Structures are given as C-alpha cells and as structure tokens.
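For reference, protein03.csv (CSV, C-alpha atoms):
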```
chain,number,residue,atom,x,y,z
G,7,MET,CA,209.3,94.4,102.6
G,8,LYS,CA,207.1,96.6,104.8
G,9,SER,CA,205.1,95.0,107.6
G,10,LEU,CA,201.3,94.8,107.3
G,11,GLN,CA,199.8,97.4,109.6
G,12,ILE,CA,196.2,97.0,110.8
G,13,GLY,CA,195.6,99.8,113.2
G,14,ASN,CA,198.3,99.5,115.8
G,15,LEU,CA,198.9,95.8,115.0
G,16,SER,CA,202.1,95.2,113.0
G,17,LEU,CA,202.5,91.9,111.1
G,18,ASN,CA,205.8,90.7,109.5
G,19,VAL,CA,203.9,88.0,107.7
G,20,PRO,CA,201.2,89.6,105.5
G,21,ILE,CA,198.9,86.5,105.7
G,22,ILE,CA,195.5,86.4,107.3
G,23,GLN,CA,194.1,82.9,107.7
G,24,GLY,CA,190.5,82.9,106.5
G,25,GLY,CA,187.7,82.1,108.8
G,26,MET,CA,186.2,78.7,108.0
G,27,GLY,CA,183.1,77.3,109.5
G,28,VAL,CA,181.6,75.1,110.8
G,29,GLY,CA,184.6,74.3,113.1
G,30,ILE,CA,187.3,74.3,110.5
G,31,SER,CA,189.2,77.2,111.9
G,32,LEU,CA,189.0,77.3,115.6
G,33,SER,CA,191.7,78.1,118.3
G,34,GLY,CA,194.0,75.2,117.1
G,35,LEU,CA,194.6,76.6,113.6
G,36,ALA,CA,194.2,80.2,114.5
G,37,SER,CA,196.9,80.1,117.3
G,38,ALA,CA,199.3,78.2,115.0
G,39,VAL,CA,199.0,80.9,112.3
G,40,ALA,CA,199.4,83.6,114.9
G,41,ASN,CA,202.5,82.0,116.3
G,42,GLU,CA,204.1,82.2,112.8
G,43,GLY,CA,203.4,85.9,112.6
G,44,GLY,CA,200.2,85.9,110.6
G,45,VAL,CA,196.6,86.6,111.7
G,46,GLY,CA,194.8,83.5,113.0
G,47,VAL,CA,191.1,83.7,112.7
G,48,ILE,CA,188.4,81.8,114.6
G,49,SER,CA,185.1,81.2,112.7
G,50,CYS,CA,182.1,81.7,115.0
G,51,ALA,CA,179.7,80.0,112.7
G,52,GLY,CA,178.0,77.1,114.4
G,53,LEU,CA,179.9,77.3,117.7
G,54,GLY,CA,176.6,76.6,119.5
G,55,LEU,CA,176.7,73.1,118.0
G,56,LEU,CA,180.3,72.5,119.0
G,57,TYR,CA,179.6,73.7,122.6
G,58,LYS,CA,176.0,72.5,123.0
G,59,ASN,CA,177.0,71.0,126.4
G,60,LEU,CA,177.4,74.6,127.8
G,61,SER,CA,173.8,75.6,127.3
G,62,ASP,CA,170.4,74.2,126.3
G,63,ASN,CA,170.0,77.4,124.2
G,64,PHE,CA,171.8,77.5,120.8
G,65,GLN,CA,172.4,81.2,120.9
G,66,ASN,CA,173.8,81.1,124.5
G,67,SER,CA,176.1,78.2,123.6
G,68,CYS,CA,177.4,80.2,120.7
G,69,ILE,CA,178.4,83.0,123.1
G,70,ALA,CA,180.0,80.5,125.5
G,71,GLY,CA,181.7,78.7,122.7
G,72,LEU,CA,183.3,81.9,121.3
G,73,LYS,CA,184.6,82.9,124.8
G,74,GLU,CA,186.0,79.4,125.1
G,75,GLU,CA,187.8,79.4,121.7
G,76,LEU,CA,189.3,82.9,122.3
G,77,ALA,CA,190.5,81.7,125.7
G,78,LYS,CA,192.1,78.6,124.2
G,79,ALA,CA,193.8,80.6,121.5
G,80,ARG,CA,195.1,83.1,124.0
G,81,ALA,CA,196.6,80.3,126.0
G,82,LYS,CA,198.5,79.1,123.0
G,83,THR,CA,199.8,82.3,121.4
G,84,LYS,CA,200.7,86.0,122.0
G,85,GLY,CA,200.1,86.6,118.3
G,86,VAL,CA,197.2,88.3,116.6
G,87,ILE,CA,193.8,86.5,116.8
G,88,GLY,CA,190.7,87.6,114.9
G,89,VAL,CA,187.1,86.4,114.7
G,90,ASN,CA,185.1,85.9,111.5
G,91,ILE,CA,181.4,87.0,111.9
G,92,MET,CA,178.9,86.7,109.1
G,93,VAL,CA,176.5,89.6,108.8
G,94,ALA,CA,173.8,87.0,107.7
G,95,MET,CA,173.9,85.2,111.1
G,96,THR,CA,170.9,85.8,113.3
G,97,ASN,CA,173.3,86.2,116.3
G,98,PHE,CA,175.6,88.7,114.5
G,99,SER,CA,175.2,91.3,117.3
G,100,ASP,CA,175.9,88.7,120.1
G,101,MET,CA,179.1,87.5,118.4
G,102,VAL,CA,180.3,91.1,117.8
G,103,LYS,CA,179.6,92.1,121.4
G,104,THR,CA,181.3,89.0,122.7
G,105,SER,CA,184.4,89.5,120.5
G,106,ILE,CA,184.8,93.1,121.6
G,107,ALA,CA,184.2,92.2,125.3
G,108,GLU,CA,186.8,89.4,125.1
G,109,LYS,CA,189.2,91.8,123.4
G,110,ALA,CA,189.7,89.8,120.1
G,111,ASP,CA,192.3,91.7,118.1
G,112,ILE,CA,190.2,91.9,114.9
G,113,ILE,CA,186.7,91.3,113.7
G,114,PHE,CA,186.4,90.3,110.0
G,115,SER,CA,182.8,90.6,108.8
G,116,GLY,CA,181.2,89.7,105.4
G,117,ALA,CA,178.4,87.6,103.9
G,118,GLY,CA,176.4,90.9,103.8
G,119,LEU,CA,177.4,94.5,104.4
G,120,PRO,CA,178.4,95.2,108.0
G,121,LEU,CA,177.1,98.8,107.8
G,122,ASP,CA,176.6,99.2,111.6
G,123,LEU,CA,179.6,97.2,112.9
G,124,PRO,CA,181.2,100.2,114.7
G,125,LYS,CA,178.1,100.9,116.8
G,126,PHE,CA,179.0,97.9,119.0
G,127,GLN,CA,182.3,99.4,120.1
G,128,THR,CA,182.8,100.4,123.7
G,129,LYS,CA,184.9,103.1,125.2
G,130,ASP,CA,187.7,100.6,126.1
G,131,SER,CA,187.4,98.7,122.8
G,132,VAL,CA,190.7,97.5,121.3
G,133,THR,CA,189.2,95.3,118.6
G,134,LYS,CA,190.0,96.4,115.0
G,135,LEU,CA,187.1,96.3,112.5
G,136,VAL,CA,187.6,94.9,109.0
G,137,PRO,CA,184.8,94.4,106.5
G,138,ILE,CA,184.9,91.8,103.8
G,139,VAL,CA,183.7,93.2,100.4
G,140,SER,CA,183.5,92.2,96.8
G,141,SER,CA,183.6,95.6,95.0
G,142,ALA,CA,184.8,99.2,95.1
G,143,ARG,CA,181.2,100.2,95.4
G,144,ALA,CA,180.7,98.3,98.6
G,145,THR,CA,184.0,99.7,99.9
G,146,LYS,CA,182.8,103.3,99.3
G,147,LEU,CA,179.4,102.6,100.9
G,148,ILE,CA,180.8,101.1,104.1
G,149,CYS,CA,183.4,103.8,104.5
G,150,GLU,CA,180.9,106.6,104.0
G,151,LYS,CA,178.3,105.0,106.4
G,152,TRP,CA,180.9,104.3,109.1
G,153,LYS,CA,182.4,107.8,108.9
G,154,THR,CA,179.1,109.6,108.8
G,155,ASN,CA,177.4,107.6,111.5
G,156,TYR,CA,180.2,106.6,113.8
G,157,ASP,CA,183.2,108.7,112.8
G,158,TYR,CA,185.1,105.5,112.2
G,159,LEU,CA,186.9,104.1,109.2
G,160,PRO,CA,187.8,100.4,108.6
G,161,ASP,CA,191.2,99.4,110.0
G,162,ALA,CA,191.7,97.3,106.8
G,163,ILE,CA,189.5,96.0,104.0
G,164,VAL,CA,189.4,92.4,102.8
G,165,VAL,CA,188.4,92.1,99.1
G,166,GLU,CA,187.1,88.6,98.4
G,167,GLY,CA,187.0,87.5,94.8
G,168,PRO,CA,184.9,84.8,93.1
G,169,LYS,CA,187.4,82.0,93.5
G,170,ALA,CA,186.9,81.9,97.3
G,171,GLY,CA,185.5,78.9,99.2
G,172,GLY,CA,182.1,78.7,100.9
G,173,HIS,CA,179.4,81.4,100.3
G,174,LEU,CA,180.2,83.9,97.6
G,175,GLY,CA,179.1,87.5,97.3
G,176,TYR,CA,178.5,87.2,93.6
G,177,LYS,CA,175.7,86.1,91.2
G,178,LYS,CA,176.4,82.8,89.5
G,179,THR,CA,176.8,84.6,86.1
G,180,GLN,CA,179.6,86.7,87.6
G,181,LEU,CA,181.8,83.9,88.9
G,182,ASP,CA,183.4,83.2,85.5
G,183,ASP,CA,183.2,86.8,84.2
G,184,GLU,CA,186.7,88.3,84.0
G,185,ASN,CA,185.3,91.7,84.9
G,186,TYR,CA,184.7,90.4,88.4
G,187,SER,CA,188.1,88.6,88.8
G,188,LEU,CA,190.2,89.5,91.9
G,189,GLU,CA,192.9,90.8,89.5
G,190,VAL,CA,190.3,93.4,88.2
G,191,ILE,CA,188.6,94.2,91.5
G,192,ILE,CA,191.8,94.7,93.7
G,193,PRO,CA,193.0,97.8,91.7
G,194,GLN,CA,189.5,99.2,91.7
G,195,VAL,CA,189.2,98.9,95.5
G,196,VAL,CA,192.8,100.2,96.0
G,197,GLU,CA,191.9,103.3,93.9
G,198,GLU,CA,188.8,103.9,95.9
G,199,VAL,CA,190.6,103.5,99.2
G,200,ARG,CA,193.3,105.9,98.2
G,201,LEU,CA,190.6,108.6,97.7
G,202,ILE,CA,189.3,107.9,101.2
G,203,GLU,CA,192.8,108.0,102.7
G,204,GLU,CA,193.5,111.3,101.1
G,205,ARG,CA,190.2,112.7,102.3
G,206,TYR,CA,190.5,111.5,105.9
G,207,HIS,CA,194.3,111.1,106.3
G,208,GLN,CA,194.1,107.6,107.5
G,209,HIS,CA,195.8,104.5,106.1
G,210,ILE,CA,193.5,101.6,105.2
G,211,PRO,CA,195.4,98.4,103.9
G,212,VAL,CA,193.7,96.3,101.3
G,213,ILE,CA,193.8,92.6,101.7
G,214,ALA,CA,193.3,90.2,98.7
G,215,ALA,CA,191.3,87.1,99.2
G,216,GLY,CA,189.7,84.3,97.2
G,217,GLY,CA,191.9,81.8,95.2
G,218,VAL,CA,195.2,82.9,96.7
G,219,TYR,CA,197.2,79.7,97.1
G,220,THR,CA,200.9,80.2,96.5
G,221,GLY,CA,203.6,82.7,97.4
G,222,ALA,CA,203.6,83.8,93.7
G,223,ASP,CA,199.9,84.6,94.1
G,224,ILE,CA,200.7,86.8,97.1
G,225,ALA,CA,203.4,88.7,95.2
G,226,ARG,CA,201.0,89.2,92.2
G,227,PHE,CA,198.3,90.8,94.4
G,228,MET,CA,200.8,92.9,96.2
G,229,GLU,CA,202.0,94.3,92.9
G,230,LEU,CA,198.3,95.2,92.2
G,231,GLY,CA,198.2,97.3,95.4
G,232,ALA,CA,197.2,94.8,98.1
G,233,GLU,CA,199.3,94.9,101.3
G,234,GLY,CA,198.4,91.4,102.4
G,235,VAL,CA,196.3,88.3,101.6
G,236,GLN,CA,193.7,86.2,103.2
G,237,MET,CA,194.0,82.4,102.7
G,238,GLY,CA,191.7,79.7,103.9
G,239,THR,CA,191.9,76.6,101.6
G,240,ARG,CA,195.7,76.4,101.9
G,241,PHE,CA,195.5,76.0,105.7
G,242,VAL,CA,192.9,73.2,105.6
G,243,THR,CA,195.5,70.5,104.9
G,244,THR,CA,197.6,71.4,107.8
G,245,GLU,CA,198.0,69.2,110.9
G,246,GLU,CA,196.8,72.1,113.1
G,247,CYS,CA,193.6,72.7,111.2
G,248,ASP,CA,190.6,71.9,113.5
G,249,ALA,CA,188.7,69.8,110.9
G,250,SER,CA,188.4,66.1,111.0
G,251,PRO,CA,191.0,63.9,109.1
G,252,GLU,CA,188.2,62.9,106.7
G,253,PHE,CA,187.5,66.6,105.9
G,254,LYS,CA,191.2,67.2,105.1
G,255,GLN,CA,191.4,64.0,103.0
G,256,ALA,CA,188.5,65.2,100.9
G,257,TYR,CA,190.7,68.1,99.8
G,258,ILE,CA,193.7,65.8,99.1
G,259,ASP,CA,191.5,63.4,97.1
G,260,ALA,CA,189.6,66.1,95.2
G,261,SER,CA,190.1,66.5,91.5
G,262,GLU,CA,189.7,69.9,89.8
G,263,GLY,CA,186.4,68.7,88.2
G,264,GLN,CA,184.9,67.8,91.6
G,265,ILE,CA,185.0,71.5,92.8
G,266,GLU,CA,181.6,72.8,91.9
G,267,ILE,CA,179.3,75.8,92.5
G,268,ILE,CA,176.3,74.7,94.5
G,269,ASP,CA,173.1,76.5,95.6
G,270,SER,CA,173.2,77.1,99.3
G,271,PRO,CA,170.0,77.1,101.4
G,272,VAL,CA,170.9,80.6,102.5
G,273,GLY,CA,170.3,81.9,99.0
G,274,MET,CA,173.9,82.4,97.9
G,275,PRO,CA,176.1,80.3,95.5
G,276,GLY,CA,178.8,78.4,97.3
G,277,ARG,CA,181.9,76.5,96.2
G,278,ALA,CA,182.3,73.0,97.5
G,279,ILE,CA,183.8,69.5,96.8
G,280,PHE,CA,181.1,67.4,95.1
G,281,ASN,CA,180.2,64.2,96.9
G,282,LYS,CA,177.3,61.8,97.4
G,283,PHE,CA,175.5,64.2,99.8
G,284,ILE,CA,175.4,67.0,97.2
G,285,GLN,CA,174.1,64.5,94.7
G,286,ARG,CA,171.3,63.4,97.1
G,287,VAL,CA,170.3,67.0,97.5
G,288,ARG,CA,170.2,67.4,93.7
G,289,ASP,CA,168.1,64.3,93.5
G,290,GLY,CA,165.6,65.8,96.0
G,291,VAL,CA,166.2,63.1,98.7
G,292,THR,CA,166.9,65.3,101.7
G,293,GLN,CA,164.5,67.8,103.3
G,294,PRO,CA,164.6,69.2,106.9
G,295,LYS,CA,161.5,68.8,108.9
G,296,SER,CA,162.2,71.7,111.2
G,297,CYS,CA,164.8,74.4,111.8
G,298,PRO,CA,166.6,73.7,115.1
G,299,PHE,CA,169.0,76.7,115.1
G,300,HIS,CA,167.6,79.7,113.2
G,301,CYS,CA,171.2,80.6,112.5
G,302,ILE,CA,171.0,82.4,109.1
G,303,LYS,CA,168.6,85.2,108.5
G,304,THR,CA,168.1,84.3,104.8
G,305,CYS,CA,167.4,80.6,105.3
G,306,ASP,CA,163.8,79.6,104.7
G,307,ILE,CA,163.0,76.1,106.1
G,308,SER,CA,160.0,75.7,103.8
G,309,LYS,CA,162.3,76.0,100.8
G,310,SER,CA,165.6,74.6,102.1
G,311,PRO,CA,166.6,71.1,100.8
G,312,TYR,CA,168.7,70.6,103.9
G,313,CYS,CA,170.1,72.2,107.0
G,314,ILE,CA,173.4,73.8,106.1
G,315,MET,CA,174.5,74.1,109.7
G,316,LEU,CA,174.1,70.3,110.2
G,317,ALA,CA,175.7,69.5,106.9
G,318,LEU,CA,178.8,71.5,107.6
G,319,TYR,CA,178.9,70.2,111.2
G,320,ASN,CA,178.8,66.7,110.0
G,321,ALA,CA,181.7,67.3,107.6
G,322,PHE,CA,183.7,68.9,110.3
G,323,LYS,CA,183.2,65.8,112.4
G,324,GLY,CA,184.1,63.5,109.5
G,325,ASN,CA,180.6,62.3,108.6
G,326,MET,CA,180.9,63.1,104.9
G,327,GLU,CA,177.9,60.9,104.0
G,328,ASN,CA,175.8,63.6,105.6
G,329,GLY,CA,177.7,66.7,104.8
G,330,TYR,CA,180.2,68.3,102.4
G,331,ALA,CA,183.4,70.4,102.4
G,332,PHE,CA,183.3,74.0,101.3
G,333,CYS,CA,186.6,74.9,99.5
G,334,GLY,CA,188.3,77.5,97.4
G,335,SER,CA,188.9,77.0,93.7
G,336,ASN,CA,192.5,75.6,94.3
G,337,ALA,CA,191.6,72.9,96.8
G,338,TYR,CA,192.4,70.2,94.2
G,339,ARG,CA,196.1,71.3,94.4
G,340,ALA,CA,196.5,69.9,97.9
G,341,GLN,CA,198.7,66.8,97.8
G,342,LYS,CA,199.5,66.0,101.5
G,343,LEU,CA,199.2,67.2,105.0
G,344,SER,CA,201.8,69.8,106.2
G,345,THR,CA,202.3,72.0,109.2
G,346,VAL,CA,201.3,75.6,109.5
G,347,LYS,CA,205.0,76.5,110.1
G,348,GLU,CA,206.1,74.7,106.9
G,349,THR,CA,203.2,76.2,104.9
G,350,ILE,CA,203.9,79.8,105.9
G,351,SER,CA,207.7,79.3,105.5
G,352,THR,CA,207.1,78.0,101.9
G,353,LEU,CA,204.7,80.8,101.1
G,354,MET,CA,207.0,83.6,102.3
G,355,GLN,CA,210.0,82.1,100.5
G,356,GLU,CA,208.0,81.9,97.2
G,357,MET,CA,206.7,85.4,97.6
G,358,LYS,CA,210.1,86.9,98.3
G,359,GLU,CA,211.6,85.1,95.3
G,360,LYS,CA,208.9,86.2,93.0
G,361,LEU,CA,209.0,89.9,94.2
G,362,ALA,CA,212.8,89.9,93.8
G,363,GLU,CA,212.5,88.3,90.4
G,364,ARG,CA,210.1,91.0,89.2
G,365,THR,CA,212.2,93.8,90.8
G,366,SER,CA,215.3,92.6,88.9
G,367,LYS,CA,213.4,92.7,85.6
G,368,LYS,CA,212.4,96.4,86.0
```

What is this structure when it is put down as structure tokens?
Amino acid sequence: MKSLQIGNLSLNVPIIQGGMGVGISLSGLASAVANEGGVGVISCAGLGLLYKNLSDNFQNSCIAGLKEELAKARAKTKGVIGVNIMVAMTNFSDMVKTSIAEKADIIFSGAGLPLDLPKFQTKDSVTKLVPIVSSARATKLICEKWKTNYDYLPDAIVVEGPKAGGHLGYKKTQLDDENYSLEVIIPQVVEEVRLIEERYHQHIPVIAAGGVYTGADIARFMELGAEGVQMGTRFVTTEECDASPEFKQAYIDASEGQIEIIDSPVGMPGRAIFNKFIQRVRDGVTQPKSCPFHCIKTCDISKSPYCIMLALYNAFKGNMENGYAFCGSNAYRAQKLSTVKETISTLMQEMKEKLAERTSKK
C-alpha cells in the first residue's frame, strides 16, 4: 500500500483524525493519533473558553489557547499535527495566522468555502492547506480561485459526506438523498481533481470523510479513488480523547434512534445525540439573553434558541444537562472505551484484509 502524501508529509497510516470542537480533539487526542502514524488534528473552536484564564478578551484567549495546544502536542509527538479552522468563525483569520506562525503541519478548513486561505501564507510558511468540501463543484471553485489569485493548489482535499458529525454542508433534504452520498461524491471529486492534476502537474490526494467507521469502510473509499480517510466519531471513545467521561459515555449509551439531525443556531443542520437539552430547545425553554463570544458569523442572537458555544463547552466538561454531543451517523456502534493505538491497529488490519480479499477476487 502506498503512503498518503500531503505535500512533503508522508503518512504510512492513511487516517486523519477529524477536528472536533468544543474541546473534543485537543493536544491529547491529536498527539496520540500522530504517534500512531496518522494525522492528529486540534480543533480551534471555542479555545477561548478553555483558556479564558489567559486573557479577558475571548479572541485573544483563542489565540493563546491555540499556541498552548500546539505546544502541548509538539511536546508529546514528532508526528503530523493539524488544526481544524471553520471558515464560519469570526476569528478565522486569527486562527489561520496563528497556525502558520506556530508551524502547524496542516490547516483543515471547512464550514464554508476557504477561498482566500492561501493569502495568509508567509515566505517561510511550511503549513499545508487542505479545504473541506462537499462537492466536485466546490472543489473546482476552490482550486481555480487559489490558482488564479495565489498560484497555489490544495495540498489535499477532504470530501465530507452527509453522514458526518456536527455541522453539515448540506440541506436537510439532501442528507438522505443517495445522489449526495459519499459513495457518489468521492468519484465525482476524484474525476475533477484528476483534470486539475493533469492541467497543473501537481498531485492532490482526495480524503473521504463522514460516516467512515471501520477498516472495511476505509478500503471501500480507497477503491473509489480516495487515498485516505478522515475519522472523528471513532476516536471519541478512546482513552486519549480530550472529552469528559460523560461525553464519551453518551456515545456508548446511544441507540441508533437517538442520533438525530438538529437545527443549529448557526443556520446549518447538525447531527447530534438526542438528549433532554435538545428536547428543552424544541420546547422553547432556552433563550440566550446576550452573545458573549461573537464566535460564528452566521449566528443571530435575536433568533438563536441557545448559545451553541456554551452548549458544546458544557458537554465537553460533562454537563450534559446543559449541552449535547455532536456525532457522526455511526456513533451508536461504540460499545466501550479503547486506546488510540488499539483503534488504529484494528482499523489498519481490517482495511488490509478487505483490500486483500477484493484483490484476490479480481
């Protein structure tokens, strides 16, 4: 099996751990994944809450928190560490500039189209830039914009399907439409990327994300043209995950019927584990009096039924009465806690067996 090549970074384990906020994937989980040969990813969403002791200003504490998490990760691993930065965040540029200045290996950016991401690069920048998209059309648009405006092409492209956790880049009506399934979208993006590669003579690996849970899943998407996968949900129920024990237990206790699509205050559908907090929101019980963070561009305090930053922070801390857990469609399959080492070892073994099985049948 070929290694996954992202720029000059070579990975023997073709697994990128998805960025999960608030506080679910920090330096603890990211460094553990990186130590096993994958890409560990720190989510910068809400870091200002986690590091509010470092500054009275939320935006400044976000910057200080990201620096701290990158330093902690670097102290624990020599592997590849990335940062997940949502385009929808009001401090998007601060987080990108900080990641580049601190020499994070990769920036993964979605929840909107990161059309100007390369403009933040400096002459000595070593950080690879990887957009997260949901269609071949978005892939083409980003590549054309980046090449025209910055003479730069993505170092890889993550294609996130509708079975992902958290905020989804799809309309509600598209989530169960087979035409928008990851199995359909991956070949379309791969075809689009091949045209771009032929035109500019630069390789761009495609990464499959959203609902990838087993080694057999990895093998299936590789056969469709992906060179790696991004997985978030599978790593929540690991000992090294930075979430509270209560958050992890919500995954282990969840049934398939509890995993629902909710309306997020940021104006996008999201996938989460149904609980009493979500029911209270639907009953119209909660309503924020003010917006303390101004964290998401599309969040309107006058229409928001709750503060999503606080809800996710509460869940991260274990206060599930006042928050909820975002999750991918397969979260209900979690049965117990494992370690990152055991999880990746199992995934790689399953993947190799499935690829060998399919090769023998040809």

Practice item. Mind listing whatever residues come within 9 Å of the point (189.5, 87.8, 99.6)? Use all atoms listed in the file, file coordinates, and give them as an NGL selection string. Key: :G and (24 or 138-140 or 164-170 or 188 or 213-218 or 235-237)

Determine, counting only C-alpha atoms, every residue of protein, DNA or RNA that lies within 6 Å of (186.6, 83.6, 110.2) in the file coordinates, then give the result as a PDB file with C-alpha atoms, keeping the file's coordinate frame.
```pdb
ATOM      1  CA  GLY G  24     190.500  82.900 106.500  1.00  0.00           C
ATOM      2  CA  GLY G  25     187.700  82.100 108.800  1.00  0.00           C
ATOM      3  CA  MET G  26     186.200  78.700 108.000  1.00  0.00           C
ATOM      4  CA  VAL G  47     191.100  83.700 112.700  1.00  0.00           C
ATOM      5  CA  ILE G  48     188.400  81.800 114.600  1.00  0.00           C
ATOM      6  CA  SER G  49     185.100  81.200 112.700  1.00  0.00           C
ATOM      7  CA  VAL G  89     187.100  86.400 114.700  1.00  0.00           C
ATOM      8  CA  ASN G  90     185.100  85.900 111.500  1.00  0.00           C
TER       9      ASN G  90
END
```

Using all atoms listed in the file, determine which residues lie at most 12 Å from Ala144 in chain G, disregarding the query and same-chain residues fewer than 3 positions distant; provide the list as a compact mmCIF listing (two decimals) with C-alpha atoms, in the frame of the given file.
```
# COMPACT_ATOMS: atom_id res chain seq x y z
CA GLY G 116 181.20 89.70 105.40
CA GLY G 118 176.40 90.90 103.80
CA LEU G 119 177.40 94.50 104.40
CA PRO G 120 178.40 95.20 108.00
CA LEU G 121 177.10 98.80 107.80
CA PRO G 137 184.80 94.40 106.50
CA ILE G 138 184.90 91.80 103.80
CA VAL G 139 183.70 93.20 100.40
CA SER G 140 183.50 92.20 96.80
CA SER G 141 183.60 95.60 95.00
CA LEU G 147 179.40 102.60 100.90
CA ILE G 148 180.80 101.10 104.10
CA CYS G 149 183.40 103.80 104.50
CA GLU G 150 180.90 106.60 104.00
CA LYS G 151 178.30 105.00 106.40
CA ILE G 163 189.50 96.00 104.00
CA VAL G 164 189.40 92.40 102.80
CA VAL G 165 188.40 92.10 99.10
CA GLU G 166 187.10 88.60 98.40
CA GLY G 175 179.10 87.50 97.30
CA ILE G 191 188.60 94.20 91.50
CA GLN G 194 189.50 99.20 91.70
CA VAL G 195 189.20 98.90 95.50
CA GLU G 198 188.80 103.90 95.90
CA VAL G 199 190.60 103.50 99.20
```

Exercise for review: Just the residues within 7 Å of range 270-278 of chain G, please, counting all atoms listed in the file, with nothing from its chain fewer than 4 positions along; format it as a ChimeraX atom specification.
Suggested key: /G:171-174,178,265-266,302,304-305,310-311,314,331-334

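Across the structure, CA of Phe280 in chain G and CA of Asn97 in chain G are spaced 29.4 Å apart.
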
Review point. Near Gly88 in chain G, counting all atoms listed in the file, which residues have an atom at most 10 Å away, once you skip same-chain residues fewer than 3 positions from it, shown as a PyMOL selection string?
Key: chain G and resi 22-25+36+40+45-49+76+91+105+109-114+133-136

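Closest approach to Thr244 in chain G from the set G:Ser344, G:Ser67, G:Ser33, G:Thr349 is made by G:Ser344, with distances taken over all atoms listed in the file.
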
Exercise for review: With a distance cut-off of 7 Å and only C-alpha atoms, select the neighbouring residues of Ala249 in chain G, excluding the residue or stretch itself and same-chain residues fewer than 2 positions from it, and output the selection as a ChimeraX atom specification.
Suggested key: /G:29-30,247,251,253-254,322-323

Exercise for review: List the neighbours of Met354 in chain G out to 12 Å using all atoms listed in the file; skip same-chain residues closer than 4 positions along the sequence, and give me the result as number ranges by chain.
Suggested key: G: 7, 18-21, 42-44, 219-225, 234-235, 347-350, 358-361

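Our summary of the geometry notes that CA of Ala256 in chain G is positioned 14.9 Å from CA of Tyr319 in chain G.
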
Point to revise | Nearest residue to Ala162 in chain G from the set G:Asp122, G:Glu203, G:Asp289, G:Asp182 (distances using only C-alpha atoms) | key: G:Glu203

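The shortest atom-to-atom distance to Leu201 in chain G, with all atoms listed in the file taken into account, belongs to G:Ala142 out of G:Val28, G:Ala142, G:Asp62, G:Ala321.
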
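Taking CA of Gly85 in chain G and CA of Ile12 in chain G as the two end points, the separation is 13.4 Å.
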
Exercise for review: Could you check which of G:Ile284, G:Leu318, G:Ala107, G:Ile192 is closest to Arg226 in chain G, using only C-alpha atoms?
Suggested key: G:Ile192

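Considering all atoms listed in the file, the residue among G:Ala81, G:Val132, G:Ile267, G:Val39 positioned nearest to Ile106 in chain G is G:Val132.
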
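When all atoms listed in the file are used to compute distances to Ala317 in chain G, the closest of the residues G:Leu159, G:Met101, G:Thr179, G:Phe283 turns out to be G:Phe283.
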
Coords for range 94-116 of chain G, C-alpha atoms, as a compact mmCIF listing (two decimals), in the first residue's frame:
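Result file is out_12.txt:
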```
# COMPACT_ATOMS: atom_id res chain seq x y z
CA ALA G 94 -17.67 30.50 9.63
CA MET G 95 -15.73 31.57 12.73
CA THR G 96 -15.36 35.31 13.28
CA ASN G 97 -11.71 34.78 14.26
CA PHE G 98 -10.92 32.66 11.20
CA SER G 99 -8.00 34.88 10.13
CA ASP G 100 -6.52 34.95 13.65
CA MET G 101 -6.58 31.17 13.87
CA VAL G 102 -5.05 30.74 10.41
CA LYS G 103 -2.29 33.27 11.08
CA THR G 104 -1.51 31.65 14.45
CA SER G 105 -1.41 28.14 12.96
CA ILE G 106 1.00 29.27 10.25
CA ALA G 107 3.18 31.24 12.67
CA GLU G 108 3.35 28.27 15.05
CA LYS G 109 4.19 26.00 12.10
CA ALA G 110 1.28 23.60 12.38
CA ASP G 111 1.78 20.88 9.76
CA ILE G 112 -1.66 21.25 8.14
CA ILE G 113 -4.71 23.50 8.24
CA PHE G 114 -8.03 21.79 7.51
CA SER G 115 -10.75 24.32 6.73
CA GLY G 116 -14.47 23.86 6.09
```
